[in-house]
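Asks: Structure file target-v9.cif (mmCIF, C-alpha atoms) right here:
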```
data_protein
loop_
_atom_site.label_atom_id
_atom_site.label_comp_id
_atom_site.auth_asym_id
_atom_site.auth_seq_id
_atom_site.Cartn_x
_atom_site.Cartn_y
_atom_site.Cartn_z
CA MET P 260 -43.04 -66.93 19.39
CA LYS P 261 -46.19 -65.34 18.00
CA VAL P 262 -45.95 -62.58 20.58
CA ILE P 263 -42.32 -61.92 19.64
CA ARG P 264 -43.19 -61.77 15.94
CA LYS P 265 -46.01 -59.30 16.64
CA LEU P 266 -43.63 -57.12 18.63
CA ILE P 267 -41.10 -57.20 15.79
CA TYR P 268 -43.81 -56.21 13.28
CA ILE P 269 -44.98 -53.36 15.51
CA ILE P 270 -41.41 -52.09 15.98
CA CYS P 271 -40.69 -52.23 12.24
CA PHE P 272 -43.96 -50.48 11.37
CA THR P 273 -43.32 -47.78 13.96
CA SER P 274 -39.76 -47.28 12.69
CA ILE P 275 -40.99 -46.88 9.11
CA ILE P 276 -43.56 -44.28 10.15
CA MET P 277 -41.02 -42.33 12.23
CA PHE P 278 -38.46 -42.45 9.43
CA THR P 279 -41.01 -41.19 6.90
CA PHE P 280 -42.19 -38.32 9.09
CA GLY P 281 -38.58 -37.50 9.96
CA ILE P 282 -37.64 -37.08 6.31
CA SER P 283 -40.68 -34.91 5.67
CA SER P 284 -39.97 -32.64 8.61
CA THR P 285 -36.31 -32.40 7.62
CA ASN P 286 -37.23 -31.36 4.10
CA VAL P 287 -39.64 -28.76 5.42
CA TYR P 288 -37.02 -27.40 7.83
CA ALA P 289 -34.36 -27.35 5.12
CA THR P 290 -36.70 -25.52 2.76
CA GLU P 291 -37.55 -22.95 5.41
CA THR P 292 -33.87 -22.52 6.33
CA THR P 293 -32.87 -22.09 2.68
CA THR P 294 -35.60 -19.50 2.20
CA GLU P 295 -34.48 -17.62 5.32
CA ASN P 296 -30.81 -17.74 4.23
CA THR P 297 -31.73 -16.47 0.77
CA GLU P 298 -33.71 -13.61 2.28
CA ASN P 299 -30.83 -12.79 4.66
CA GLU P 300 -28.30 -12.82 1.81
CA THR P 301 -30.55 -10.56 -0.25
CA ASP P 302 -30.93 -8.14 2.68
CA ALA P 303 -27.15 -8.18 3.26
CA ASN P 304 -26.45 -7.50 -0.41
CA ASN P 305 -28.96 -4.65 -0.42
CA THR P 306 -27.38 -3.20 2.74
CA ILE P 307 -23.87 -3.36 1.25
CA ALA P 308 -25.14 -1.85 -1.97
CA ASP P 309 -26.82 0.99 -0.07
CA ILE P 310 -23.63 1.68 1.90
CA MET P 311 -21.43 1.71 -1.23
CA GLY P 312 -23.97 3.68 -3.23
CA ILE P 313 -24.15 1.00 -5.95
CA THR P 314 -27.35 -0.45 -7.37
CA ILE P 315 -27.12 -4.23 -7.83
CA SER P 316 -29.78 -5.84 -9.99
CA THR P 317 -30.55 -9.57 -9.83
CA ASP P 318 -32.40 -9.88 -13.13
CA GLY P 319 -29.41 -10.40 -15.38
CA GLY P 320 -27.16 -7.88 -13.64
CA SER P 321 -25.78 -4.54 -14.68
CA THR P 322 -22.30 -4.70 -16.14
CA SER P 323 -21.44 -1.21 -14.96
CA SER P 324 -22.37 -2.01 -11.35
CA ALA P 325 -20.27 -5.15 -11.30
CA LEU P 326 -17.38 -3.28 -12.90
CA GLN P 327 -17.59 -0.55 -10.26
CA ILE P 328 -17.38 -3.15 -7.49
CA VAL P 329 -14.36 -4.80 -9.12
CA ILE P 330 -12.61 -1.44 -9.58
CA ILE P 331 -13.26 -0.40 -5.96
CA LEU P 332 -11.96 -3.69 -4.53
CA THR P 333 -8.93 -3.61 -6.85
CA VAL P 334 -8.00 -0.06 -5.83
CA ILE P 335 -8.35 -0.94 -2.14
CA ALA P 336 -6.12 -4.00 -2.56
CA LEU P 337 -3.47 -2.09 -4.52
CA CYS P 338 -3.40 1.04 -2.33
CA PRO P 339 -0.14 0.09 -0.51
CA SER P 340 1.60 -0.75 -3.79
CA ILE P 341 0.35 2.45 -5.42
CA LEU P 342 1.55 4.48 -2.44
CA ILE P 343 5.02 2.93 -2.64
CA MET P 344 5.48 2.87 -6.42
CA LEU P 345 3.92 6.12 -7.61
CA THR P 346 4.67 8.63 -4.84
CA SER P 347 7.55 10.10 -2.86
CA PHE P 348 7.13 7.57 -0.03
CA THR P 349 10.05 5.34 -1.09
CA ARG P 350 12.69 8.07 -0.99
CA ILE P 351 11.46 9.52 2.30
CA VAL P 352 11.25 6.27 4.26
CA ILE P 353 14.68 5.08 3.05
CA VAL P 354 16.34 8.36 4.05
CA LEU P 355 14.72 8.25 7.49
CA HIS P 356 15.94 4.68 7.99
CA PHE P 357 19.46 5.72 6.96
CA THR P 358 19.31 8.54 9.50
CA ARG P 359 18.41 6.16 12.30
CA ALA P 360 21.12 3.72 11.25
CA ALA P 361 23.74 6.50 11.13
CA LEU P 362 22.81 7.59 14.65
CA ASN P 363 23.10 3.95 15.76
CA THR P 364 20.07 4.32 18.01
CA GLN P 365 18.71 0.87 17.04
CA THR P 366 14.94 1.31 17.47
CA ALA P 367 14.69 5.03 18.23
CA PRO P 368 12.64 6.35 16.57
CA PRO P 369 10.64 3.12 16.11
CA ASN P 370 9.44 1.88 12.73
CA GLN P 371 5.88 3.08 13.38
CA VAL P 372 7.10 6.65 13.85
CA ILE P 373 9.30 6.52 10.75
CA VAL P 374 6.53 5.13 8.55
CA GLY P 375 3.99 7.58 9.98
CA LEU P 376 6.29 10.54 9.37
CA ALA P 377 7.00 9.29 5.85
CA LEU P 378 3.26 9.03 5.15
CA ILE P 379 2.58 12.55 6.42
CA LEU P 380 5.41 14.00 4.32
CA THR P 381 4.24 11.98 1.31
CA PHE P 382 0.72 13.39 1.50
CA PHE P 383 2.14 16.88 2.00
CA ILE P 384 4.38 16.62 -1.08
CA MET P 385 1.77 14.87 -3.22
CA ARG P 386 -1.11 17.16 -2.22
CA PRO P 387 -1.11 19.20 -5.48
CA VAL P 388 -1.08 15.96 -7.48
CA PHE P 389 -3.89 14.41 -5.43
CA ASP P 390 -5.95 17.61 -5.69
CA GLU P 391 -5.64 17.55 -9.46
CA VAL P 392 -6.59 13.87 -9.61
CA TYR P 393 -9.62 14.57 -7.44
CA LYS P 394 -10.82 17.52 -9.50
CA GLU P 395 -10.06 16.18 -12.96
CA ALA P 396 -10.94 12.49 -12.50
CA TYR P 397 -12.99 11.66 -9.40
CA VAL P 398 -15.48 14.54 -9.44
CA PRO P 399 -16.46 14.10 -13.13
CA MET P 400 -16.81 10.34 -12.62
CA ALA P 401 -18.96 10.83 -9.50
CA ASN P 402 -21.19 13.21 -11.46
CA GLY P 403 -21.53 10.71 -14.30
CA GLU P 404 -19.74 12.92 -16.82
CA ILE P 405 -17.04 10.35 -17.62
CA THR P 406 -16.69 6.58 -17.28
CA ALA P 407 -14.42 4.74 -14.86
CA GLU P 408 -11.93 3.94 -17.63
CA GLN P 409 -11.74 7.61 -18.62
CA ALA P 410 -11.33 8.59 -14.96
CA ILE P 411 -8.36 6.23 -14.56
CA GLU P 412 -6.73 7.58 -17.72
CA THR P 413 -7.31 11.18 -16.64
CA GLY P 414 -6.14 10.56 -13.08
CA MET P 415 -2.87 9.01 -14.24
CA LYS P 416 -1.83 12.16 -16.14
CA PRO P 417 -0.77 14.30 -13.11
CA ILE P 418 0.88 11.26 -11.52
CA ARG P 419 2.83 10.62 -14.72
CA VAL P 420 3.93 14.27 -14.78
CA PHE P 421 5.19 13.98 -11.19
CA MET P 422 7.11 10.78 -11.92
CA PHE P 423 8.56 12.17 -15.15
CA ASN P 424 9.88 15.24 -13.30
CA GLN P 425 11.68 13.05 -10.73
CA VAL P 426 13.02 10.31 -12.99
CA ASN P 427 16.69 10.13 -13.90
CA GLU P 428 17.49 10.22 -17.62
CA GLU P 429 19.89 7.28 -17.38
CA ASP P 430 17.32 5.11 -15.62
CA LEU P 431 14.68 6.09 -18.16
CA GLU P 432 16.96 5.21 -21.06
CA ILE P 433 17.81 1.84 -19.48
CA MET P 434 14.17 0.92 -18.95
CA CYS P 435 13.24 2.08 -22.46
CA GLU P 436 15.99 -0.13 -23.86
CA ILE P 437 14.82 -3.11 -21.81
CA GLY P 438 11.19 -2.48 -22.72
CA GLY P 439 11.97 -2.15 -26.41
CA VAL P 440 10.83 1.47 -26.61
CA THR P 441 13.01 3.30 -29.13
CA GLU P 442 11.06 6.39 -30.19
CA VAL P 443 11.47 8.52 -27.05
CA ASP P 444 12.52 12.17 -27.36
CA ASP P 445 12.40 13.17 -23.67
CA VAL P 446 8.68 13.86 -24.05
CA LEU P 447 6.21 12.58 -21.49
CA GLU P 448 3.70 11.43 -24.08
CA ASP P 449 6.30 9.18 -25.72
CA VAL P 450 7.04 7.23 -22.51
CA PRO P 451 4.66 4.35 -21.67
CA THR P 452 3.52 4.03 -18.08
CA THR P 453 4.93 0.49 -17.90
CA VAL P 454 8.38 1.97 -18.58
CA LEU P 455 7.99 5.13 -16.52
CA ILE P 456 7.08 3.39 -13.24
CA PRO P 457 10.16 1.10 -12.93
CA ALA P 458 12.42 3.96 -14.07
CA PHE P 459 10.89 6.18 -11.38
CA ILE P 460 11.44 3.53 -8.68
CA MET P 461 15.08 3.06 -9.73
CA SER P 462 15.63 6.82 -9.60
CA GLU P 463 14.06 7.05 -6.15
CA LEU P 464 16.34 4.30 -4.83
CA ARG P 465 19.39 5.94 -6.39
CA ILE P 466 18.64 9.37 -4.89
CA ALA P 467 17.71 7.92 -1.48
CA PHE P 468 20.99 6.01 -1.19
CA TRP P 469 22.99 9.08 -2.24
CA ILE P 470 21.30 11.12 0.49
CA GLY P 471 21.90 8.31 2.98
CA PHE P 472 25.61 8.30 2.11
CA LEU P 473 25.83 12.05 2.73
CA ILE P 474 24.06 11.64 6.08
CA TYR P 475 26.53 8.95 7.15
CA ILE P 476 29.69 11.06 6.57
CA PRO P 477 29.66 13.29 9.71
CA PHE P 478 28.73 10.37 11.96
CA LEU P 479 31.46 8.24 10.39
CA VAL P 480 33.98 10.95 11.29
CA ILE P 481 32.80 10.83 14.90
CA ASP P 482 33.24 7.04 14.96
CA MET P 483 36.79 7.36 13.60
CA VAL P 484 37.75 10.04 16.14
CA VAL P 485 36.32 8.06 19.05
CA SER P 486 38.00 4.84 17.89
CA SER P 487 41.39 6.57 17.54
CA THR P 488 41.04 8.15 20.97
CA LEU P 489 40.20 4.84 22.62
CA MET P 490 43.11 3.12 20.87
CA SER P 491 45.55 5.79 22.03
CA MET P 492 44.28 5.46 25.60
CA GLY P 493 44.66 1.69 25.52
CA MET P 494 40.95 1.08 25.99
CA MET P 495 40.66 -1.42 23.16
CA MET P 496 38.11 -3.61 24.95
CA LEU P 497 35.58 -0.78 25.19
CA PRO P 498 33.19 -0.75 22.18
CA PRO P 499 33.59 2.53 20.26
CA THR P 500 29.87 2.66 19.42
CA THR P 501 29.00 2.90 23.11
CA ILE P 502 31.07 6.08 23.45
CA SER P 503 30.32 7.61 20.05
CA MET P 504 26.52 7.35 20.20
CA PRO P 505 26.03 10.17 22.77
CA PHE P 506 28.29 12.44 20.71
CA LYS P 507 26.28 11.61 17.57
CA ILE P 508 23.02 12.45 19.29
CA LEU P 509 24.51 15.67 20.68
CA LEU P 510 25.76 16.74 17.24
CA PHE P 511 22.41 15.86 15.65
CA VAL P 512 20.44 17.86 18.22
CA LEU P 513 22.75 20.91 18.15
CA ALA P 514 22.66 21.00 14.35
CA ASP P 515 18.83 20.70 14.36
CA GLY P 516 19.20 17.54 12.33
CA TRP P 517 15.54 16.64 11.86
CA ASN P 518 14.77 20.07 10.49
CA LEU P 519 17.73 19.95 8.10
CA ILE P 520 16.96 16.47 6.83
CA ILE P 521 13.21 16.87 6.39
CA VAL P 522 13.32 20.33 4.82
CA ASN P 523 16.14 19.52 2.42
CA LEU P 524 14.60 16.15 1.61
CA MET P 525 11.36 17.84 0.58
CA LYS P 526 13.33 20.30 -1.55
CA THR P 527 14.77 17.42 -3.58
CA PHE P 528 11.39 16.79 -5.19
CA VAL P 529 10.93 18.71 -8.42
CA THR P 530 7.43 20.13 -8.84
#
```
As a first step, turn the structure in this file into C-alpha cells.

Replies:
Amino acid sequence: MKVIRKLIYIICFTSIIMFTFGISSTNVYATETTTENTENETDANNTIADIMGITISTDGGSTSSALQIVIILTVIALCPSILIMLTSFTRIVIVLHFTRAALNTQTAPPNQVIVGLALILTFFIMRPVFDEVYKEAYVPMANGEITAEQAIETGMKPIRVFMFNQVNEEDLEIMCEIGGVTEVDDVLEDVPTTVLIPAFIMSELRIAFWIGFLIYIPFLVIDMVVSSTLMSMGMMMLPPTTISMPFKILLFVLADGWNLIIVNLMKTFVT
C-alpha cells in the first residue's frame, strides 16, 4: 500500500509540474503568435495603403484617409447601379433584347454579346460626359485642389445635363408631383437629382419600348404572311415560327439591320 501511495504522489506531482509548464509555454506561444499576427496585419495594411496611394495613420487616424477609403469602396460597389441608372445603357440593352426577340433566334446573339455591345455603345455615347467629369472633377481632386465632396458635386453636373436632355417632360412632371417639388420652370437647376434620376429611368424605358414596338412590326408582318400561307396549304400542324425565322433573318441581313438599329439608336440620344 505504501508503494502504491508513493506512486500516486509521484504521478500527481509530475502532472502538476507538466500542467504548469504547459500553461506557461502556451502563454508564451500565444503571445508570440499574437505579436506575429499584429505585425503581419500592419504590413498588410501598409501594403494596401501603398497600392491605393492612401496614408493610414494608427495614432488616432486621419478622417480624410478613412473617408477616401469609404468613398472608393462605395463607388466600386455602386458602379453597376450607376451604369444602369445614369447612362444610356438601359435603352440600348432593352432595344437589343427586343431585336433578338423579334427575330425569334432564342439565344443568338447570346446575352454576353448583347451586354458587351451595350457597354461599348454606352461608353461611346457617354464619352464626352465622362471626359468632362474626369477633367472637371477627378483631376482637381487628385491634385488636391478640391475635396471629395466638391468633386462629387462637380462631377454630377455633366451627368445631370445629359439626363435632363433625355428626360421626357411628362415623366419629369409626374416625378416632381410625387416628390413634392412644385417650383420647377423647365430649368435644370430647379430639378433635384432625386427627382431627375427616376424621371430619366422612366423616360428611357418608355423610349426603349417604343423602339422595340417599331422593330417588331416588319417581323410581325412576316409571321402573319407565313401563317396565312400555311393555313391555305392545309399545313396547320407545322409551326409557323419554324418557317418564318429564316425569312426574318434573310430580311434582317438584306436590310443591314444591325447597322440601321445601332446607328439610329445612337441618334436618339440628344447631346

Asks: Check the smallest atom-to-atom distance from each of P:Leu326, P:Ile373, P:Val354, P:Leu380 to P:Met525 using all atoms listed in the file, then report the winner.

Replies: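 Under the stated criterion, the closest residue is P:Leu380.
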
Asks: Between P:Val480, P:Val392, P:Ile384, P:Ile433, which one has atoms that come closest to P:Gly414, using only C-alpha atoms?

Replies: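 Between P:Val480, P:Val392, P:Ile384, P:Ile433, the residue approaching P:Gly414 most closely is P:Val392.
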
Asks: Nearest residue to P:Leu342 out of P:Met490, P:Ile466, P:Ala377, P:Asn424, using only C-alpha atoms?

Replies: P:Ala377

Asks: Please tell me which residues are no farther than 12 Å from (9.1, 18.1, -6.4) in the file, counting all atoms listed in the file, and write them as number ranges by chain.

Replies: P: 346-347, 350, 381, 383-388, 418, 420-426, 523-530

Asks: Skip P:Leu489 itself and residues of its chain fewer than 4 positions away, then list as a list in words all residues within 12 Å of it, counting all atoms listed in the file.

Replies: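 The residues satisfying every condition are Asp482, Met483, Val484, Val485, Gly493, Met494, Met495, Met496, Leu497, Pro498, Pro499, Thr500, Thr501, Ile502 and Ser503 of chain P.
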
Asks: Run the PyMOL selection byres ((chain P and resi 468) around 12) mentally over the shown coordinates, then write out the matched residues as a PDB file with C-alpha atoms, in the coordinates of the input, using the chain letters and numbers from the document.

Replies:
```pdb
ATOM      1  CA  THR P 349      10.050   5.340  -1.090  1.00  0.00           C
ATOM      2  CA  ARG P 350      12.690   8.070  -0.990  1.00  0.00           C
ATOM      3  CA  ILE P 351      11.460   9.520   2.300  1.00  0.00           C
ATOM      4  CA  VAL P 352      11.250   6.270   4.260  1.00  0.00           C
ATOM      5  CA  ILE P 353      14.680   5.080   3.050  1.00  0.00           C
ATOM      6  CA  VAL P 354      16.340   8.360   4.050  1.00  0.00           C
ATOM      7  CA  LEU P 355      14.720   8.250   7.490  1.00  0.00           C
ATOM      8  CA  HIS P 356      15.940   4.680   7.990  1.00  0.00           C
ATOM      9  CA  PHE P 357      19.460   5.720   6.960  1.00  0.00           C
ATOM     10  CA  THR P 358      19.310   8.540   9.500  1.00  0.00           C
ATOM     11  CA  MET P 461      15.080   3.060  -9.730  1.00  0.00           C
ATOM     12  CA  SER P 462      15.630   6.820  -9.600  1.00  0.00           C
ATOM     13  CA  GLU P 463      14.060   7.050  -6.150  1.00  0.00           C
ATOM     14  CA  LEU P 464      16.340   4.300  -4.830  1.00  0.00           C
ATOM     15  CA  ARG P 465      19.390   5.940  -6.390  1.00  0.00           C
ATOM     16  CA  ILE P 466      18.640   9.370  -4.890  1.00  0.00           C
ATOM     17  CA  ALA P 467      17.710   7.920  -1.480  1.00  0.00           C
ATOM     18  CA  TRP P 469      22.990   9.080  -2.240  1.00  0.00           C
ATOM     19  CA  ILE P 470      21.300  11.120   0.490  1.00  0.00           C
ATOM     20  CA  GLY P 471      21.900   8.310   2.980  1.00  0.00           C
ATOM     21  CA  PHE P 472      25.610   8.300   2.110  1.00  0.00           C
ATOM     22  CA  LEU P 473      25.830  12.050   2.730  1.00  0.00           C
ATOM     23  CA  ILE P 474      24.060  11.640   6.080  1.00  0.00           C
ATOM     24  CA  TYR P 475      26.530   8.950   7.150  1.00  0.00           C
TER      25      TYR P 475
END
```

Asks: Rounded to one decimal, what separation in Å do you get between atom CA of P:Phe506 and atom CA of P:Ala360?

Replies: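 Separating atom CA of P:Phe506 from atom CA of P:Ala360 is a distance of 14.7 Å.
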
Asks: Provide the atom CA of P:Thr488 to atom CA of P:Phe511 distance in Å, to one decimal place.

Replies: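 So the two atoms, atom CA of P:Thr488 and atom CA of P:Phe511, lie 20.9 Å apart.
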
Asks: To one decimal place, how far is atom CA of P:Ile405 from atom CA of P:Leu345 in Å?

Replies: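 Computed distance, atom CA of P:Ile405 to atom CA of P:Leu345, equals 23.6 Å.
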
Asks: Would you mind completing stretch 340-369 of chain P to N, CA and C atoms and writing the output as a CSV table (one decimal), in the coordinates of the input?

Replies:
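Below you can see result.csv, which holds the result:
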```csv
chain,number,residue,atom,x,y,z
P,340,SER,N,0.7,-0.7,-2.7
P,340,SER,CA,1.6,-0.8,-3.8
P,340,SER,C,1.6,0.6,-4.5
P,341,ILE,N,0.4,1.2,-4.7
P,341,ILE,CA,0.4,2.4,-5.4
P,341,ILE,C,1.1,3.5,-4.6
P,342,LEU,N,0.9,3.5,-3.3
P,342,LEU,CA,1.6,4.5,-2.4
P,342,LEU,C,3.1,4.4,-2.5
P,343,ILE,N,3.6,3.1,-2.6
P,343,ILE,CA,5.0,2.9,-2.6
P,343,ILE,C,5.6,3.2,-4.0
P,344,MET,N,4.9,2.8,-5.1
P,344,MET,CA,5.5,2.9,-6.4
P,344,MET,C,5.3,4.2,-7.1
P,345,LEU,N,4.2,4.9,-6.8
P,345,LEU,CA,3.9,6.1,-7.6
P,345,LEU,C,4.1,7.4,-6.9
P,346,THR,N,4.6,7.4,-5.6
P,346,THR,CA,4.7,8.6,-4.8
P,346,THR,C,6.1,8.8,-4.3
P,347,SER,N,6.2,9.8,-3.4
P,347,SER,CA,7.6,10.1,-2.9
P,347,SER,C,7.8,9.3,-1.6
P,348,PHE,N,7.0,8.3,-1.3
P,348,PHE,CA,7.1,7.6,0.0
P,348,PHE,C,8.4,6.8,0.0
P,349,THR,N,8.9,6.2,-1.1
P,349,THR,CA,10.0,5.3,-1.1
P,349,THR,C,11.3,6.1,-0.7
P,350,ARG,N,11.5,7.3,-1.3
P,350,ARG,CA,12.7,8.1,-1.0
P,350,ARG,C,12.7,8.5,0.5
P,351,ILE,N,11.5,9.0,0.9
P,351,ILE,CA,11.5,9.5,2.3
P,351,ILE,C,11.7,8.4,3.3
P,352,VAL,N,11.1,7.3,3.2
P,352,VAL,CA,11.2,6.3,4.3
P,352,VAL,C,12.7,5.7,4.3
P,353,ILE,N,13.3,5.6,3.1
P,353,ILE,CA,14.7,5.1,3.0
P,353,ILE,C,15.6,6.1,3.7
P,354,VAL,N,15.5,7.3,3.4
P,354,VAL,CA,16.3,8.4,4.0
P,354,VAL,C,16.2,8.4,5.6
P,355,LEU,N,14.9,8.3,6.0
P,355,LEU,CA,14.7,8.2,7.5
P,355,LEU,C,15.4,7.0,8.1
P,356,HIS,N,15.3,5.9,7.5
P,356,HIS,CA,15.9,4.7,8.0
P,356,HIS,C,17.5,4.8,8.0
P,357,PHE,N,18.0,5.5,7.0
P,357,PHE,CA,19.5,5.7,7.0
P,357,PHE,C,19.9,6.6,8.1
P,358,THR,N,19.0,7.6,8.4
P,358,THR,CA,19.3,8.5,9.5
P,358,THR,C,19.4,7.8,10.8
P,359,ARG,N,18.4,6.9,11.1
P,359,ARG,CA,18.4,6.2,12.3
P,359,ARG,C,19.6,5.2,12.4
P,360,ALA,N,20.0,4.6,11.3
P,360,ALA,CA,21.1,3.7,11.2
P,360,ALA,C,22.4,4.5,11.5
P,361,ALA,N,22.5,5.7,10.9
P,361,ALA,CA,23.7,6.5,11.1
P,361,ALA,C,23.9,6.9,12.6
P,362,LEU,N,22.8,7.2,13.2
P,362,LEU,CA,22.8,7.6,14.6
P,362,LEU,C,23.1,6.4,15.5
P,363,ASN,N,22.9,5.2,15.0
P,363,ASN,CA,23.1,4.0,15.8
P,363,ASN,C,22.2,3.9,17.0
P,364,THR,N,21.0,4.3,16.9
P,364,THR,CA,20.1,4.3,18.0
P,364,THR,C,19.2,3.1,18.0
P,365,GLN,N,19.4,2.1,17.1
P,365,GLN,CA,18.7,0.9,17.0
P,365,GLN,C,17.2,1.1,16.7
P,366,THR,N,16.4,1.2,17.7
P,366,THR,CA,14.9,1.3,17.5
P,366,THR,C,14.4,2.7,17.9
P,367,ALA,N,15.2,3.7,17.9
P,367,ALA,CA,14.7,5.0,18.2
P,367,ALA,C,15.1,6.0,17.1
P,368,PRO,N,14.1,6.6,16.4
P,368,PRO,CA,12.6,6.4,16.6
P,368,PRO,C,12.2,5.0,16.0
P,369,PRO,N,11.1,4.4,16.6
P,369,PRO,CA,10.6,3.1,16.1
P,369,PRO,C,10.1,3.2,14.7
```
